[in-house]
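Here the structure is laid out as structure tokens; the discussion comes afterwards.
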Amino acid sequence: MIQKRTIGIVGTGHVGVAAGYAIFLRGLVSDIILIDKDRRRAEGEAMDLMHGQAFAGSVMVRVGEYADLENAQLVIITAGVAQKPGETRLDLLNRNADVFRQIVEQLDRHCPQAVLIIATNPVDVLTYVTQVLTRRSGDLVIGTGTMLDTARFRALLGRHYGVDPRSVHAYILGEHGDTEVPIWSTANIGGVPLVGHTILGKPFDRDQMAQLFESVRNAAYEIISRKGYTNTAIGSAIARLVDAVLDDERSILPVSHRLTGQYGLDKVCLSIPSIVGRDGTTDALLPRLSADELEGLQHSATVLQESLQGLDLG
Ligand SMILES: NC(=O)c1ccc[n+]([C@@H]2O[C@H](COP(=O)([O-])OP(=O)(O)OC[C@H]3O[C@@H](n4cnc5c(N)ncnc54)[C@H](O)[C@@H]3O)[C@@H](O)[C@H]2O)c1
């Protein structure tokens, strides 16, 4: 018998729906259960998605309660309050930690086996909070981390060099936020390192590249100041993660999880290239970083650890 693939989405706002829509269109699962404290909003989203079935195939979308997640292999958490214009991600922390306490308790009761994908901001801190609160193995808790930032980085580099972003091998690591670190030292296209090389007629210009990274780092602020929120690219990133987990791909993705001594860091969640599959994030790779990049990663960790201080996780 073919096993049904059931996932839950907790929080059916802009991000939850964009993720659900990307998963729905790609037919990655058989059942999607939507949960939101605003049940009518979730009902509306389920109805709207289901009307696309004639075009997208037979994915079932319905509104549910936590008890309906008994057979879920994976749950995406996008519940919370969204970033306001000008608000830093870390300012959001205290408003969202309480929401998570309630949600994780319900998920532990009803689907202790499921992989949890966390997207709510500040995502690294809330991934840490979830890992502390949950009774499941920490490997099963994955933050979307710098997947979105890395996607933006690759998109802009691809446009700059005139190549498919999927052929750009470059990471943003560390915090998903202001202290994120562009990893230039290993960035390459077709095996040719960016730094110090001319690729397709374009030499590596430090000032131009610094500007490109600034556009990546400020992308959320720029988008939020125009449309009020960001959702479609993070929705695509979440769908990519769902695929990697459910297909047990062992893909290497820059996701946030708890470090245990990698790069000399622990007691913090941030993104480093990690193996993602059915058991969550089971291992990580440790590319050799330049001294500046390592310092940047340590700075990310310090900022995140500071924001965890004063948070009551008891
Ligand atoms: N990780 C990333 O890269 C990334 C990118 C974009 C946005 N985000 C974050 O995603 C989060 C969601 O953003 P959004 O634009 O979808 O916000 P939104 O306000 O549109 O949606 C949030 C939803 O959560 C629901 N909710 C609140 N408390 C709940 C609870 N206790 N149980 C169930 N549902 C609850 C709300 O009713 C609402 O429908 C924000 O924290 C935002 O900053 C993360």
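Residue names in the structure tokens use chain letters A, B, ... in the order shown, residue numbers from 1 in each chain, and ligand numbers from 1 in the order shown.
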
>> Using only C-alpha atoms and all ligand atoms, which residues of the polymer chains come no farther than 8 Å from ligand 1? I'd like the answer as a ChimeraX atom specification.
In response: /A:10-17,35-38,41-42,78-83,89,92,96,99-100,102-103,118-123,143-149,176,220,229-231,233-234

>> Env of Phe204 of chain A: 9 Å cut, atoms = only C-alpha atoms, seq-sep filter 6 positions within chain, self excluded. Answer as a list in words.
In response: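 Near Phe204 of chain A, the qualifying residues are Leu194, Val195, Gly196, His197 and Thr198 of chain A.
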
Write out, as a PDB file, in the first residue's frame, the residues just selected, with N, CA, C and O atoms.
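Now in result_33.pdb:
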ATOM      1  N   LEU A 194      34.591  32.407  -7.317  1.00  0.00           N
ATOM      2  CA  LEU A 194      34.258  33.784  -7.703  1.00  0.00           C
ATOM      3  C   LEU A 194      35.423  34.731  -7.381  1.00  0.00           C
ATOM      4  O   LEU A 194      35.806  35.558  -8.204  1.00  0.00           O
ATOM      5  N   VAL A 195      35.944  34.576  -6.156  1.00  0.00           N
ATOM      6  CA  VAL A 195      36.965  35.519  -5.689  1.00  0.00           C
ATOM      7  C   VAL A 195      38.228  35.375  -6.538  1.00  0.00           C
ATOM      8  O   VAL A 195      38.757  34.276  -6.705  1.00  0.00           O
ATOM      9  N   GLY A 196      38.667  36.514  -7.071  1.00  0.00           N
ATOM     10  CA  GLY A 196      39.928  36.545  -7.815  1.00  0.00           C
ATOM     11  C   GLY A 196      39.835  36.027  -9.238  1.00  0.00           C
ATOM     12  O   GLY A 196      40.855  35.913  -9.915  1.00  0.00           O
ATOM     13  N   HIS A 197      38.618  35.680  -9.686  1.00  0.00           N
ATOM     14  CA  HIS A 197      38.505  35.139 -11.043  1.00  0.00           C
ATOM     15  C   HIS A 197      37.555  35.964 -11.901  1.00  0.00           C
ATOM     16  O   HIS A 197      36.622  36.589 -11.397  1.00  0.00           O
ATOM     17  N   THR A 198      37.810  35.930 -13.194  1.00  0.00           N
ATOM     18  CA  THR A 198      36.884  36.524 -14.147  1.00  0.00           C
ATOM     19  C   THR A 198      36.018  35.390 -14.695  1.00  0.00           C
ATOM     20  O   THR A 198      36.540  34.390 -15.180  1.00  0.00           O
TER      21      THR A 198
END

>> What's around segment 151-154 of chain A at 7 Å? Count only C-alpha atoms, leave out sequence neighbours fewer than 6 positions away in its own chain, and write the answer as a list in words.
In response: Pro165, Val168, Ala170, Phe213 and Val216 of chain A

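Compared by their closest atoms to Gly158 of chain A, and using only C-alpha atoms, the residues A:Ser256, A:Asn188, A:Thr232, A:Thr282 rank with A:Asn188 nearest.
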
> Which neighbours of segment 19-28 of chain A fall inside 6 Å, counting only C-alpha atoms, when residues of the same chain fewer than 3 positions from it are skipped, and could you give them as a PyMOL selection string?
Replying inline: chain A and resi 16+56+235-236+238-239

Now that the selection is made, can you save its residues with C-alpha atoms as a short mmCIF file (atom, residue, chain, number, x, y, z; two decimals), in the first residue's frame?
data_model
loop_
_atom_site.label_atom_id
_atom_site.label_comp_id
_atom_site.auth_asym_id
_atom_site.auth_seq_id
_atom_site.Cartn_x
_atom_site.Cartn_y
_atom_site.Cartn_z
CA GLY A 16 1.77 29.46 5.60
CA ALA A 56 -3.07 20.68 -9.66
CA GLY A 235 6.98 29.52 0.49
CA SER A 236 9.17 28.03 -2.25
CA ILE A 238 9.68 25.63 2.61
CA ALA A 239 8.38 23.44 -0.25
#

Can you write out as JSON lines which residues of segment 219-304 of chain A fall within 10 Å of segment 125-139 of chain A, alongside each residue's closest atom pair and its distance in Å to one decimal, counting only C-alpha atoms and ordering rows by chain and ascending residue number?
{"residue": "A:Ser256", "atom": "CA", "partner": "A:Thr127", "partner_atom": "CA", "distance": 7.2}
{"residue": "A:His257", "atom": "CA", "partner": "A:Thr127", "partner_atom": "CA", "distance": 6.8}
{"residue": "A:Arg258", "atom": "CA", "partner": "A:Tyr128", "partner_atom": "CA", "distance": 6.6}
{"residue": "A:Leu259", "atom": "CA", "partner": "A:Tyr128", "partner_atom": "CA", "distance": 9.9}
{"residue": "A:Lys267", "atom": "CA", "partner": "A:Tyr128", "partner_atom": "CA", "distance": 8.4}
{"residue": "A:Val268", "atom": "CA", "partner": "A:Tyr128", "partner_atom": "CA", "distance": 6.6}
{"residue": "A:Cys269", "atom": "CA", "partner": "A:Tyr128", "partner_atom": "CA", "distance": 5.5}
{"residue": "A:Leu270", "atom": "CA", "partner": "A:Val125", "partner_atom": "CA", "distance": 8.4}
{"residue": "A:Val276", "atom": "CA", "partner": "A:Asp139", "partner_atom": "CA", "distance": 9.6}
{"residue": "A:Asp279", "atom": "CA", "partner": "A:Asp139", "partner_atom": "CA", "distance": 6.8}
{"residue": "A:Gly280", "atom": "CA", "partner": "A:Asp139", "partner_atom": "CA", "distance": 5.2}
{"residue": "A:Thr281", "atom": "CA", "partner": "A:Asp139", "partner_atom": "CA", "distance": 5.2}
{"residue": "A:Thr282", "atom": "CA", "partner": "A:Asp139", "partner_atom": "CA", "distance": 6.0}
{"residue": "A:Asp283", "atom": "CA", "partner": "A:Asp139", "partner_atom": "CA", "distance": 8.9}
{"residue": "A:Leu304", "atom": "CA", "partner": "A:Val125", "partner_atom": "CA", "distance": 6.7}

> What are the DSSP strand (DSSP E) residues of segment 26-222 of chain A, as a ChimeraX atom specification?
Replying inline: /A:31-35,60-63,74-77,115-118,141-143,168-173,181-189,192-193

> Of the residues A:Val303, A:Leu93, A:Ala67, A:Ala237, which is the one nearest to Asp108 of chain A, using only C-alpha atoms?
Replying inline: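 Residue with the minimum atom-to-atom distance to Asp108 of chain A: A:Ala67.
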